[in-house]
Structures are given as C-alpha cells and as structure tokens.
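Undergrad: Data file run28.cif (mmCIF, C-alpha atoms) is appended below.
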data_start
#
loop_
_atom_site.label_atom_id
_atom_site.label_comp_id
_atom_site.auth_asym_id
_atom_site.auth_seq_id
_atom_site.Cartn_x
_atom_site.Cartn_y
_atom_site.Cartn_z
CA MET I 1 0.37 37.68 -14.81
CA GLU I 2 -1.54 36.31 -11.81
CA ASN I 3 -3.70 34.16 -14.10
CA GLN I 4 -0.57 32.78 -15.70
CA ALA I 5 0.95 31.97 -12.30
CA GLY I 6 -2.29 30.29 -11.18
CA GLN I 7 -2.44 28.25 -14.35
CA SER I 8 1.17 27.19 -13.85
CA ARG I 9 0.41 26.06 -10.28
CA ARG I 10 -2.60 24.07 -11.45
CA MET I 11 -0.56 22.37 -14.17
CA GLU I 12 2.13 21.48 -11.66
CA SER I 13 -0.51 20.06 -9.29
CA TRP I 14 -1.89 17.81 -12.02
CA ARG I 15 1.65 16.82 -13.03
CA VAL I 16 2.31 15.76 -9.44
CA LEU I 17 -0.93 13.76 -9.37
CA ALA I 18 0.08 11.96 -12.56
CA ALA I 19 3.58 11.25 -11.23
CA THR I 20 2.41 9.92 -7.86
CA THR I 21 -0.54 7.94 -9.20
CA ILE I 22 1.37 6.28 -12.04
CA GLY I 23 4.32 5.63 -9.74
CA THR I 24 2.28 4.02 -6.98
CA THR I 25 0.37 1.99 -9.59
CA ILE I 26 3.67 0.61 -10.86
CA GLU I 27 4.88 -0.09 -7.33
CA TRP I 28 1.67 -1.89 -6.39
CA TYR I 29 1.52 -3.74 -9.70
CA ASP I 30 4.97 -5.11 -8.92
CA PHE I 31 3.95 -5.99 -5.38
CA PHE I 32 0.56 -7.53 -6.16
CA ILE I 33 1.77 -9.45 -9.18
CA TYR I 34 4.06 -11.32 -6.83
CA SER I 35 1.27 -11.97 -4.29
CA SER I 36 -0.99 -13.36 -7.03
CA VAL I 37 1.70 -15.50 -8.67
CA ALA I 38 2.70 -16.74 -5.20
CA ALA I 39 -0.90 -17.87 -4.69
CA LEU I 40 -0.82 -19.75 -8.00
CA VAL I 41 2.62 -21.26 -8.68
CA MET I 42 5.49 -19.92 -6.54
CA GLY I 43 5.26 -22.84 -4.12
CA GLN I 44 5.69 -25.37 -6.94
CA LEU I 45 8.51 -23.41 -8.58
CA PHE I 46 10.68 -22.46 -5.62
CA PHE I 47 9.63 -24.84 -2.81
CA SER I 48 9.06 -28.03 -4.78
CA GLU I 49 10.63 -30.14 -2.01
CA ALA I 50 7.62 -29.33 0.18
CA THR I 51 4.11 -30.59 -0.57
CA GLY I 52 0.50 -29.35 -0.49
CA PHE I 53 -0.36 -27.10 2.44
CA VAL I 54 3.29 -26.50 3.44
CA GLN I 55 4.16 -25.45 -0.12
CA THR I 56 1.39 -22.83 -0.09
CA LEU I 57 2.42 -21.69 3.38
CA LEU I 58 6.04 -21.17 2.28
CA ALA I 59 4.95 -19.25 -0.81
CA PHE I 60 2.84 -16.90 1.33
CA ALA I 61 5.76 -16.56 3.76
CA THR I 62 7.79 -14.97 0.96
CA VAL I 63 4.94 -12.48 0.57
CA GLY I 64 5.20 -11.68 4.28
CA ILE I 65 9.01 -11.51 4.51
CA SER I 66 9.14 -8.35 2.40
CA PHE I 67 6.87 -6.61 4.91
CA VAL I 68 9.38 -7.24 7.68
CA PHE I 69 11.84 -5.01 5.83
CA ARG I 70 9.34 -2.25 5.10
CA PRO I 71 10.25 -0.38 8.31
CA LEU I 72 13.88 -0.28 7.16
CA GLY I 73 12.74 1.28 3.89
CA ALA I 74 10.48 3.64 5.85
CA PHE I 75 13.33 4.76 8.13
CA LEU I 76 15.68 5.29 5.18
CA ALA I 77 13.13 7.04 2.98
CA GLY I 78 11.76 9.07 5.89
CA HIS I 79 15.23 10.36 6.77
CA MET I 80 16.05 11.05 3.13
CA GLY I 81 12.72 12.76 2.45
CA ASP I 82 12.76 14.95 5.57
CA VAL I 83 16.41 15.95 5.06
CA LEU I 84 16.90 15.99 1.26
CA GLY I 85 13.35 16.31 -0.07
CA ARG I 86 10.32 14.25 -1.09
CA ARG I 87 11.18 14.16 -4.81
CA THR I 88 14.43 12.24 -4.23
CA VAL I 89 12.49 9.47 -2.49
CA LEU I 90 10.04 9.12 -5.39
CA VAL I 91 12.77 8.34 -7.91
CA ALA I 92 14.91 6.09 -5.68
CA THR I 93 12.08 3.82 -4.51
CA LEU I 94 10.70 3.34 -8.01
CA LEU I 95 14.11 2.28 -9.33
CA LEU I 96 14.59 -0.23 -6.53
CA MET I 97 11.14 -1.80 -6.88
CA GLY I 98 11.27 -1.98 -10.68
CA GLY I 99 14.75 -3.51 -10.73
CA SER I 100 13.84 -6.14 -8.13
CA THR I 101 10.69 -7.11 -10.03
CA LEU I 102 12.59 -7.52 -13.30
CA CYS I 103 15.12 -9.77 -11.57
CA ILE I 104 12.35 -12.00 -10.16
CA GLY I 105 11.12 -12.51 -13.74
CA LEU I 106 14.61 -13.69 -14.72
CA LEU I 107 15.23 -15.86 -11.65
CA PRO I 108 16.05 -19.58 -12.12
CA THR I 109 13.73 -21.98 -10.27
CA TYR I 110 14.47 -24.71 -7.72
CA ALA I 111 14.56 -27.31 -10.51
CA GLN I 112 17.33 -25.33 -12.22
CA ILE I 113 19.66 -24.23 -9.39
CA GLY I 114 18.36 -25.99 -6.30
CA SER I 115 18.21 -24.32 -2.88
CA LEU I 116 19.90 -21.16 -4.17
CA ALA I 117 16.65 -20.27 -5.99
CA PRO I 118 14.50 -19.63 -2.88
CA VAL I 119 17.42 -17.79 -1.26
CA LEU I 120 17.71 -15.38 -4.22
CA LEU I 121 13.92 -15.02 -4.29
CA ILE I 122 13.88 -13.98 -0.63
CA VAL I 123 16.69 -11.44 -1.23
CA LEU I 124 14.71 -9.84 -4.05
CA ARG I 125 11.56 -9.82 -1.91
CA ILE I 126 13.53 -8.03 0.81
CA LEU I 127 14.58 -5.34 -1.70
CA GLN I 128 10.95 -4.98 -2.78
CA GLY I 129 9.96 -4.57 0.86
CA ILE I 130 12.56 -1.83 1.43
CA SER I 131 11.26 -0.04 -1.65
CA ALA I 132 7.59 -0.36 -0.68
CA GLY I 133 8.40 0.96 2.79
CA GLY I 134 9.46 4.30 1.35
CA GLU I 135 7.45 4.63 -1.85
CA TRP I 136 3.98 5.21 -0.49
CA GLY I 137 4.89 7.91 2.03
CA GLY I 138 6.80 9.98 -0.52
CA ALA I 139 4.03 9.77 -3.10
CA ALA I 140 1.31 10.55 -0.55
CA LEU I 141 3.08 13.64 0.76
CA MET I 142 3.88 15.00 -2.69
CA SER I 143 0.18 14.86 -3.59
CA VAL I 144 -1.15 16.20 -0.29
CA GLU I 145 1.44 18.96 0.09
CA HIS I 146 0.87 20.15 -3.50
CA ALA I 147 -2.94 20.17 -3.08
CA PRO I 148 -4.96 23.41 -3.36
CA PRO I 149 -6.84 24.52 -0.20
CA GLY I 150 -9.88 22.40 0.57
CA ARG I 151 -8.86 19.59 -1.81
CA ARG I 152 -6.21 17.71 0.16
CA GLY I 153 -8.47 14.69 0.62
CA LEU I 154 -9.13 14.36 -3.10
CA PHE I 155 -5.48 14.91 -4.05
CA GLY I 156 -4.36 12.46 -1.37
CA ALA I 157 -6.73 9.84 -2.78
CA PHE I 158 -4.98 9.80 -6.16
CA PRO I 159 -1.81 7.98 -5.02
CA GLN I 160 -4.16 5.73 -3.02
CA ILE I 161 -5.75 4.46 -6.23
CA GLY I 162 -2.33 3.08 -7.14
CA ALA I 163 -3.18 0.04 -5.01
CA PRO I 164 -6.49 -0.90 -6.68
CA ALA I 165 -5.06 0.14 -10.06
CA GLY I 166 -2.06 -2.10 -9.39
CA VAL I 167 -4.40 -4.96 -8.48
CA LEU I 168 -6.45 -4.26 -11.60
CA LEU I 169 -3.40 -4.22 -13.85
CA SER I 170 -1.72 -7.27 -12.31
CA THR I 171 -4.94 -9.28 -12.18
CA GLY I 172 -5.78 -8.30 -15.77
CA VAL I 173 -2.38 -9.50 -17.00
CA LEU I 174 -2.76 -12.76 -15.07
CA ALA I 175 -6.31 -13.26 -16.33
CA ILE I 176 -5.11 -12.93 -19.93
CA LEU I 177 -2.21 -15.32 -19.36
CA THR I 178 -4.21 -17.96 -17.48
CA GLY I 179 -6.99 -17.68 -20.03
CA THR I 180 -4.73 -18.16 -23.06
CA LEU I 181 -2.01 -20.49 -21.76
CA THR I 182 -2.30 -24.04 -20.56
CA SER I 183 -1.43 -24.78 -16.93
CA GLU I 184 1.83 -26.36 -18.12
CA GLN I 185 2.79 -23.31 -20.20
CA PHE I 186 2.01 -20.91 -17.36
CA LEU I 187 4.05 -23.00 -14.91
CA SER I 188 6.93 -23.34 -17.39
CA TRP I 189 7.37 -19.74 -18.58
CA GLY I 190 4.10 -17.79 -18.51
CA TRP I 191 4.50 -16.73 -14.86
CA ARG I 192 7.61 -14.72 -15.84
CA VAL I 193 5.80 -12.46 -18.32
CA PRO I 194 4.07 -10.11 -15.83
CA PHE I 195 7.38 -9.50 -14.04
CA LEU I 196 9.31 -8.79 -17.24
CA ILE I 197 6.81 -6.35 -18.76
CA SER I 198 7.04 -4.16 -15.66
CA VAL I 199 10.23 -2.67 -17.13
CA VAL I 200 8.07 -0.69 -19.58
CA LEU I 201 6.04 0.73 -16.71
CA LEU I 202 9.25 1.55 -14.84
CA VAL I 203 10.62 3.71 -17.66
CA VAL I 204 7.33 5.63 -17.99
CA GLY I 205 7.17 6.24 -14.24
CA LEU I 206 10.75 7.49 -13.99
CA VAL I 207 10.31 9.96 -16.85
CA ILE I 208 7.22 11.47 -15.23
CA ARG I 209 8.60 11.56 -11.68
CA ARG I 210 11.82 13.30 -12.67
CA ALA I 211 9.77 16.16 -14.17
CA VAL I 212 7.90 17.25 -11.00
CA ASP I 213 8.86 20.06 -8.62
CA GLU I 214 9.75 19.58 -4.99
CA SER I 215 6.96 19.71 -2.38
CA PRO I 216 6.15 23.34 -1.43
CA VAL I 217 6.12 22.39 2.26
CA PHE I 218 9.65 20.98 2.10
CA GLN I 219 10.72 24.01 0.05
CA GLU I 220 9.39 26.23 2.84
CA ILE I 221 11.51 24.28 5.32
CA ALA I 222 14.60 24.42 3.10
CA ASP I 223 14.22 28.19 2.57
CA GLY I 224 13.62 28.94 6.26
CA ASP I 225 16.00 30.15 8.95
CA ARG I 226 16.22 26.72 10.56
CA ALA I 227 17.70 23.82 8.60
CA PRO I 228 15.79 20.54 8.14
CA GLU I 229 16.00 18.06 11.01
CA ARG I 230 19.33 16.27 11.28
CA SER I 231 17.62 13.27 12.88
CA PRO I 232 13.94 13.37 11.93
CA VAL I 233 13.23 9.85 13.20
CA GLY I 234 14.58 10.66 16.66
CA THR I 235 12.54 13.87 16.78
CA LEU I 236 9.45 11.99 15.61
CA PHE I 237 9.60 9.43 18.42
CA ARG I 238 10.42 12.11 20.95
CA LEU I 239 7.49 14.38 20.11
CA GLN I 240 4.89 12.16 18.45
CA TRP I 241 5.40 8.56 19.59
CA ARG I 242 1.71 8.29 20.59
CA GLU I 243 0.59 9.34 17.11
CA VAL I 244 2.96 6.79 15.55
CA LEU I 245 1.42 4.02 17.67
CA LEU I 246 -2.20 4.95 16.89
CA ALA I 247 -1.49 5.55 13.20
CA THR I 248 0.16 2.11 13.01
CA LEU I 249 -2.96 0.45 14.45
CA PHE I 250 -5.14 2.45 12.05
CA VAL I 251 -3.16 1.24 9.01
CA ALA I 252 -3.25 -2.39 10.23
CA GLY I 253 -7.00 -2.81 9.65
CA VAL I 254 -6.82 -1.22 6.22
CA SER I 255 -3.95 -3.54 5.25
CA VAL I 256 -5.54 -6.77 6.43
CA THR I 257 -8.66 -5.95 4.42
CA GLY I 258 -6.67 -5.49 1.22
CA TYR I 259 -4.54 -8.60 1.54
CA LEU I 260 -7.36 -10.93 2.55
CA SER I 261 -9.63 -9.81 -0.30
CA THR I 262 -8.12 -8.57 -3.55
CA GLY I 263 -4.48 -8.87 -2.47
CA GLY I 264 -3.86 -12.60 -2.94
CA TYR I 265 -5.44 -14.70 -0.18
CA LEU I 266 -8.94 -14.89 -1.63
CA LEU I 267 -7.50 -16.06 -4.96
CA SER I 268 -5.65 -18.88 -3.22
CA TYR I 269 -8.62 -19.82 -1.03
CA THR I 270 -11.12 -19.99 -3.89
CA THR I 271 -8.91 -21.82 -6.37
CA THR I 272 -6.95 -24.13 -4.05
CA ARG I 273 -9.41 -24.84 -1.23
CA LEU I 274 -12.73 -24.50 -3.08
CA GLY I 275 -11.55 -25.59 -6.54
CA LEU I 276 -13.13 -22.63 -8.38
CA ASP I 277 -12.02 -21.64 -11.86
CA ARG I 278 -8.89 -19.48 -11.70
CA THR I 279 -9.78 -17.12 -14.55
CA ALA I 280 -13.35 -16.63 -13.27
CA VAL I 281 -12.08 -15.63 -9.82
CA LEU I 282 -9.51 -13.28 -11.36
CA ASN I 283 -12.33 -11.62 -13.31
CA THR I 284 -14.32 -10.98 -10.11
CA ILE I 285 -11.22 -9.41 -8.55
CA LEU I 286 -10.92 -7.20 -11.65
CA ILE I 287 -14.48 -5.98 -11.12
CA ALA I 288 -13.86 -5.33 -7.42
CA SER I 289 -10.60 -3.47 -8.11
CA THR I 290 -12.39 -1.17 -10.55
CA ALA I 291 -15.04 -0.43 -7.91
CA TRP I 292 -12.28 0.13 -5.32
CA ILE I 293 -10.75 2.89 -7.48
CA VAL I 294 -14.10 4.68 -7.65
CA THR I 295 -14.89 4.37 -3.92
CA THR I 296 -11.36 5.51 -3.00
CA LEU I 297 -11.65 8.74 -5.02
CA ILE I 298 -15.20 9.44 -3.80
CA SER I 299 -14.14 8.91 -0.18
CA GLY I 300 -11.14 11.21 -0.53
CA HIS I 301 -13.44 13.93 -1.88
CA LEU I 302 -16.05 13.33 0.85
CA SER I 303 -13.36 13.66 3.53
CA ASP I 304 -12.80 17.26 2.36
CA ARG I 305 -16.50 17.95 2.94
CA LEU I 306 -17.30 15.83 6.00
CA GLY I 307 -13.91 15.44 7.72
CA ARG I 308 -11.47 12.52 7.66
CA ALA I 309 -12.59 10.66 10.79
CA PRO I 310 -16.34 10.37 10.05
CA VAL I 311 -15.69 8.90 6.59
CA MET I 312 -13.15 6.38 7.90
CA LYS I 313 -15.26 5.35 10.90
CA PHE I 314 -18.12 4.56 8.57
CA GLY I 315 -15.72 2.55 6.40
CA PHE I 316 -14.44 0.34 9.22
CA VAL I 317 -17.95 -0.42 10.47
CA PHE I 318 -19.07 -1.27 6.94
CA ILE I 319 -16.08 -3.63 6.44
CA MET I 320 -17.02 -5.58 9.58
CA PHE I 321 -20.47 -6.23 8.10
CA CYS I 322 -18.91 -7.43 4.83
CA THR I 323 -16.28 -9.93 6.02
CA ALA I 324 -18.61 -12.92 6.45
CA PRO I 325 -20.60 -12.30 3.20
CA VAL I 326 -17.35 -12.38 1.18
CA PHE I 327 -16.57 -15.92 2.39
CA LEU I 328 -20.17 -17.09 2.10
CA ALA I 329 -20.30 -15.83 -1.48
CA ALA I 330 -17.03 -17.62 -2.29
CA GLN I 331 -18.31 -20.87 -0.79
CA SER I 332 -21.46 -20.65 -2.90
CA GLY I 333 -19.32 -20.96 -6.02
CA ASP I 334 -21.45 -18.32 -7.75
CA MET I 335 -19.21 -15.72 -9.40
CA VAL I 336 -22.00 -13.14 -9.53
CA TRP I 337 -22.48 -13.33 -5.76
CA LEU I 338 -18.72 -13.22 -5.18
CA ALA I 339 -18.33 -10.14 -7.40
CA LEU I 340 -21.25 -8.44 -5.63
CA ALA I 341 -19.81 -9.20 -2.17
CA LEU I 342 -16.40 -7.85 -3.14
CA VAL I 343 -17.87 -4.70 -4.69
CA MET I 344 -19.86 -4.09 -1.48
CA LEU I 345 -16.63 -4.55 0.49
CA THR I 346 -14.95 -1.83 -1.57
CA ILE I 347 -17.44 0.72 -0.22
CA GLY I 348 -15.99 0.26 3.25
CA HIS I 349 -12.46 -0.33 2.06
CA GLY I 350 -12.52 2.80 -0.12
CA ALA I 351 -13.87 4.85 2.79
CA THR I 352 -10.88 3.86 4.96
CA TYR I 353 -8.31 3.85 2.17
CA GLY I 354 -9.21 7.05 0.30
CA PRO I 355 -8.51 9.49 3.19
CA GLN I 356 -5.62 7.41 4.58
CA SER I 357 -2.77 9.41 3.09
CA VAL I 358 -4.13 12.84 3.97
CA PHE I 359 -5.15 11.68 7.47
CA LEU I 360 -1.63 10.47 8.19
CA ALA I 361 -0.03 13.56 6.61
CA GLU I 362 -2.15 15.83 8.81
CA THR I 363 -1.18 13.83 11.90
CA PHE I 364 2.55 14.62 11.79
CA GLY I 365 4.53 17.87 11.85
CA PRO I 366 6.14 19.07 8.59
CA ARG I 367 9.76 18.53 9.67
CA VAL I 368 9.19 14.85 10.51
CA ARG I 369 6.17 14.18 8.30
CA LEU I 370 7.66 11.75 5.80
CA SER I 371 9.27 9.76 8.61
CA GLY I 372 6.00 9.64 10.55
CA VAL I 373 3.85 8.71 7.59
CA SER I 374 6.26 6.10 6.22
CA ILE I 375 7.06 4.42 9.52
CA SER I 376 3.42 4.24 10.65
CA TYR I 377 2.40 2.86 7.28
CA ALA I 378 5.19 0.27 7.23
CA LEU I 379 4.58 -0.94 10.77
CA GLY I 380 0.82 -1.11 10.18
CA ALA I 381 1.37 -3.09 7.01
CA ILE I 382 3.49 -5.61 8.95
CA ILE I 383 0.94 -6.03 11.75
CA GLY I 384 -2.08 -6.15 9.47
CA GLY I 385 -0.91 -7.29 6.06
CA ALA I 386 2.49 -8.98 6.17
CA PHE I 387 1.50 -12.44 7.20
CA ALA I 388 -2.29 -12.10 6.89
CA PRO I 389 -2.53 -14.61 3.98
CA MET I 390 -0.26 -17.06 5.81
CA ILE I 391 -2.13 -16.69 9.13
CA ALA I 392 -5.48 -17.07 7.36
CA THR I 393 -4.23 -20.21 5.59
CA TRP I 394 -3.03 -21.63 8.93
CA LEU I 395 -6.29 -20.75 10.73
CA LEU I 396 -8.33 -22.44 8.03
CA GLU I 397 -6.18 -25.56 8.19
CA VAL I 398 -6.27 -25.78 12.00
CA THR I 399 -9.94 -24.94 12.57
CA GLY I 400 -11.39 -26.30 9.34
CA THR I 401 -13.76 -23.33 9.06
CA SER I 402 -13.55 -19.94 7.36
CA TRP I 403 -15.28 -18.36 10.36
CA SER I 404 -11.90 -18.30 12.13
CA VAL I 405 -10.56 -16.10 9.30
CA VAL I 406 -13.65 -13.86 9.51
CA VAL I 407 -13.10 -13.32 13.26
CA TYR I 408 -9.38 -12.64 12.73
CA TRP I 409 -10.18 -10.08 10.02
CA ALA I 410 -12.96 -8.34 11.96
CA ALA I 411 -10.79 -8.09 15.10
CA PHE I 412 -8.14 -6.12 13.22
CA VAL I 413 -10.75 -3.80 11.77
CA LEU I 414 -12.21 -3.15 15.24
CA VAL I 415 -8.77 -2.20 16.60
CA SER I 416 -8.27 0.22 13.70
CA LEU I 417 -11.65 1.81 14.33
CA ALA I 418 -10.66 2.41 17.95
CA ALA I 419 -7.34 3.98 16.84
CA VAL I 420 -9.10 6.42 14.49
CA THR I 421 -11.34 7.62 17.33
CA ARG I 422 -8.23 8.49 19.39
CA LEU I 423 -6.34 10.40 16.68
CA PRO I 424 -7.17 14.10 16.17
CA ASP I 425 -9.00 15.09 12.98
CA ARG I 426 -7.00 18.00 11.50
CA THR I 427 -8.98 18.37 8.28
CA ASP I 428 -8.77 22.17 8.18
CA THR I 429 -5.28 22.59 9.68
CA PRO I 430 -2.56 24.05 7.40
CA LEU I 431 0.28 21.67 6.50
CA GLY I 432 3.11 24.22 6.62
CA LEU I 433 5.41 25.19 9.48
CA ASP I 434 2.56 26.82 11.41
CA GLY I 435 0.20 23.90 10.90
CA SER I 436 -0.30 20.31 12.07
CA GLY I 437 1.97 18.24 14.24
CA PRO I 438 3.53 18.90 17.67
CA SER I 439 2.60 22.08 19.48
CA ARG I 440 4.65 25.20 18.80
CA SER I 441 6.01 25.12 22.36
CA GLU I 442 7.37 21.58 21.82
CA GLU I 443 8.93 22.67 18.51
CA ALA I 444 10.54 25.65 20.24
CA VAL I 445 11.99 23.48 23.00
CA HIS I 446 13.41 21.06 20.45
CA ALA I 447 14.88 23.88 18.35
CA SER I 448 16.57 25.28 21.44
CA ASP I 449 17.96 21.86 22.41
CA SER I 450 19.31 21.24 18.89
CA ARG I 451 21.19 24.55 18.96
#
I'd like the structure from this file rewritten - as structure tokens, please.
TA:
Amino acid sequence: MENQAGQSRRMESWRVLAATTIGTTIEWYDFFIYSSVAALVMGQLFFSEATGFVQTLLAFATVGISFVFRPLGAFLAGHMGDVLGRRTVLVATLLLMGGSTLCIGLLPTYAQIGSLAPVLLIVLRILQGISAGGEWGGAALMSVEHAPPGRRGLFGAFPQIGAPAGVLLSTGVLAILTGTLTSEQFLSWGWRVPFLISVVLLVVGLVIRRAVDESPVFQEIADGDRAPERSPVGTLFRLQWREVLLATLFVAGVSVTGYLSTGGYLLSYTTTRLGLDRTAVLNTILIASTAWIVTTLISGHLSDRLGRAPVMKFGFVFIMFCTAPVFLAAQSGDMVWLALALVMLTIGHGATYGPQSVFLAETFGPRVRLSGVSISYALGAIIGGAFAPMIATWLLEVTGTSWSVVVYWAAFVLVSLAAVTRLPDRTDTPLGLDGSGPSRSEEAVHASDSR
C-alpha cells in the first residue's frame, strides 16, 4: 500500500513538472516570438511612418511596454494564488497569453487600418504582460512545492527551462520561415505564422495543466485552522518588504542577460547594425538556447548539493567575464565564434537562472509566497529586461560603441550579485507552515492582528 502511495506521489510530481515546463515553454515562446519578430519587421509593419533608428526604437518599445504591466499581473495572480490556489493561476495565465498571441497574428497592419494598428498592438502586448506577470510564479511554486526532499533545486529548474525552450522553439520557427521565404513574403504574411501556430501549443498546455493536483503547501494552508490571507500583498510588504527589494534586484541582472543575448537585442544588433545574415544568427541563437537548457538543469541540481547562493554567485561573476566577448564575437562576423561566445555565456546564465525559482520560493513565507515570488520577478523584469533592448539601441546610437552596452549590462549583473549576497540561503529549510519566510513571532503577531 505504501509503495503504491509513493508511486502515485512520484507520478503526480512528474505530471506537475510536465505541466509547468510545457506551460512556461508556451508562455515564453509567445513572448520571445514577439521580441524576435519585433527585431525583424514590427517597426516596418506597425510604425511605417517612422524611419530607420526611430522605427527600431518604437518596435522595441512595444517589447518593453508589456513589462510595465507585469506587476499588475503579478499582484492579481499573487492574490489569486495565495487565496484560491496555485493551480487556478496556471490555467488563467496560459489562456490569457495564448489568446493575446493568436490575436497579434490576426492583427491588421498600419498599411491596412492606419494608426489603430499600433494602438491594438499595444493593447495586446499589455495583456501579454499581465499574463507573463503571473505565469512564472505559479509554475515555479507548483514545481518547487511538489518536489521531493532534497530535489527542490532540480524540480524548480524545470519551469526555468521554459525560457530557453521558448527561445529555441521561437527561433527555430523563425529560422525555418526566414530560410524558406523571401524577405517580401516574410514581411507580407510569413511573420504571422509563428503567432497563429501557438494555438496548438495552447490547447496542449491547457489539457495538461487542468490534470494536475493543487500544491501540497497550499493544501496544508487550506486545511489548517487559519484561513488563507485575505490580503497577501499587504502582509507581504508588511513582513518581507526587504526581501522583495533584494529579490527584485537579483532578478534584474538575470533578466538583462536574457534580453540582451538570446532574447531579441543581439538579433537586431547583428542583422541591422552589423549586416550579418539573419538565418545564420538565428542558428547561433538556437545552439545557445540548447546549451542554456542544459546549464539551467545542471545548475538547479547543483544548487541542491552546494546551496543556492554559491551557484548563483559563480554565475553572475562568470556573466561579467562574458559580456564583452559576446559583442567582440558578433563584430568579427564569424558565426562559429559567436556561437561559442553565447554558449560560454549560458554557463553563467544557467547558473543564475536554474536556481532562481527555488531561491525566490524559499525566500518568502508560504501564505504570501506566490505574491512575493511573482511581484519580485515582475519588478526585476521591468528594471532589468523591460527596456533593455531599447536602452542598448539608444546607447549604441549615442556613443557609437558597443562598449557602452557592455558596461550597462555588467553594471546590472554586479547589482544582482550584491543582492544575492544579502539574501539568506534557505536551501534546507522546509517550505510548509513551519518553514521559510517571516519568523514565527511575526506570523503570530499578524494572526492576532487579523483576528
């Protein structure tokens, strides 16, 4: 009987991993496909009244605008997940992201409906931002809170690979399209294809996510004597505002690394500024994304053995050594050197990204955990990733040298490294009601006040 129960728990754990990994892959596919298409043609299609540099700047601004609304999604999803459960968030965010992406694929361009086109595009990007603000936190917590003892880092790394897998999938689709279609065909209708086919991924993700059980940590809260928090966000900022601030700064450096490398900016820089072949650059990003998946999983596993902080500190230091070589390799025009530089970067990026979800989950108390994780992640993504491509484009234009972008990138990474050193490493702390988060005395005071 015990063997049967253990087998059932293991099957449920793997079902949760499948649901969170596939779901975050779909979410990030949707998000990165827009960033990549924005780097290639969105300026021409929706901001055709502008020219050259301004056109590219406006296209990247629509990438950034969705980040501004991530905190709203984080607040909504955090409240919903801490009050109603993590599973509800998983389904709702996937529906919103998938629906918005499909609508972008069907959207008329500026040539067809004039100034209404960019307005509708921005509205859909806002909806994507709200969705992304809640998706990651729910997926991360479901994986971490379902994890067996001593394997939280590895389980938490699985939803993390949704980002490189999403880059891999979106870049692969774009590489096929740009390699088989003429520039005119891609500009005319080919750019719509990657948005439209996401509906297939959406259906698969929803079927899997609806089949998983609720997080055992939330179930413990729901079954306890004290009801879930009525206002988890208020409690979070009352008891753990310092952790929110430091976690936000930690996420910022991870985000800026992703968006300046495989997340869209490098593609624009190499093809627009340096005139490199679009398909060749996409292929190097495919190689780097594959390596990023591997380094993310390895780093999550290592964090179970060595602790979260040591692995992530190594990662941030390694990234700082890789920023300049990435740009030097791009400027050489040699795709082999560019692929090698990006693969080396993924060692550091994976080391910071793999343990990210479990590190944040262990930082916040169980009653406010989804709010804390989601809000910190959303705010960090705004500071580090939202306008990183646009700022980098502006810096390059103003200074005329990529070294300004290198300094900007390295500065963010240094701030994140400092934040990690100030946050406690709770690798071996239980995640339940007697585990991580505010002290028991603070919880008791709050419980008394709420009564």
Undergrad: Which is closer to Phe155 of chain I than all the others in I:Phe314, I:Trp14, I:Phe69, I:Phe218, using all atoms listed in the file?
TA: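 Closest to Phe155 of chain I, using all atoms listed in the file: I:Trp14.
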Undergrad: What residues have an atom no more than 12 Å from (-3.1, -11.7, -19.6) in the file's own frame, counting all atoms listed in the file, and can you write them as number ranges by chain?
TA: I: 33, 168-181, 186, 190-194, 197, 279, 282-283
Undergrad: Go ahead and compute the interatomic distance for atom CA of Pro108 of chain I and atom CA of Phe46 of chain I, in Å to one decimal.
TA: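 Computed distance, atom CA of Pro108 of chain I to atom CA of Phe46 of chain I, equals 8.9 Å.
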Undergrad: Just give me the residues with any atom within 12 Å of (-19.3, 6.3, 11.9), file coordinates, counting all atoms listed in the file, written as number ranges by chain.
TA: I: 306-319, 348, 351-352, 417-418, 420-421
Undergrad: Return the single residue from I:Ala410, I:Ala247, I:Leu206, I:Ala378 that is closest to Ala92 of chain I, with distances computed using all atoms listed in the file.
TA: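 Ranked by minimum distance to Ala92 of chain I, first place goes to I:Leu206.
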Undergrad: Could you list, as a list in words, every residue matched by the PyMOL selection byres ((chain I and resi 104) around 8) in this structure?
TA: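 Applied to this file, the PyMOL selection byres ((chain I and resi 104) around 8) returns Ser100, Thr101, Leu102, Cys103, Gly105, Leu106, Leu107, Leu121, Leu124, Arg192 and Phe195 of chain I.
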Undergrad: Could you check how far atom CA of Ser261 of chain I sits from atom CA of Ala39 of chain I, in Å to one decimal?
TA: 12.7 Å
Undergrad: I'd like the neighbourhood of Gly85 of chain I as a list in words, where a residue qualifies if any of its atoms comes within 8 Å (using only C-alpha atoms), though same-chain residues fewer than 5 positions away should be ignored.
TA: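 Using only C-alpha atoms, the neighbours found are Met80, Glu214, Ser215 and Phe218 of chain I.
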Undergrad: Given the PyMOL selection byres ((chain I and resi 40) around 9) and the file above, list the residues it selects as a PyMOL selection string.
TA: chain I and resi 35-39+41-44+56+267-268+271-272+278
Undergrad: Once the PyMOL selection byres ((chain I and resi 20) around 9) is applied to the coordinates I shared, what remains selected? I want it as a list in words.
TA: Arg15, Val16, Leu17, Ala18, Ala19, Thr21, Ile22, Gly23, Thr24, Thr25, Leu90, Trp136, Gly138, Ala139, Ala140, Met142, Ser143, Phe158, Pro159, Gly162, Gly205, Ile208 and Arg209 of chain I
Undergrad: Would you please work out which residue, of I:Ala288, I:Ala419, I:Leu57, I:Ala386, is nearest to Ala339 of chain I when using all atoms listed in the file?
TA: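 Smallest separation from Ala339 of chain I among the options: I:Ala288.
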Undergrad: Would you please work out which residue, of I:Ala324, I:Ile382, I:Ala341, I:Leu236, is nearest to Ser404 of chain I when using only C-alpha atoms?
TA: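 Using only C-alpha atoms, the shortest distance to Ser404 of chain I belongs to I:Ala324.
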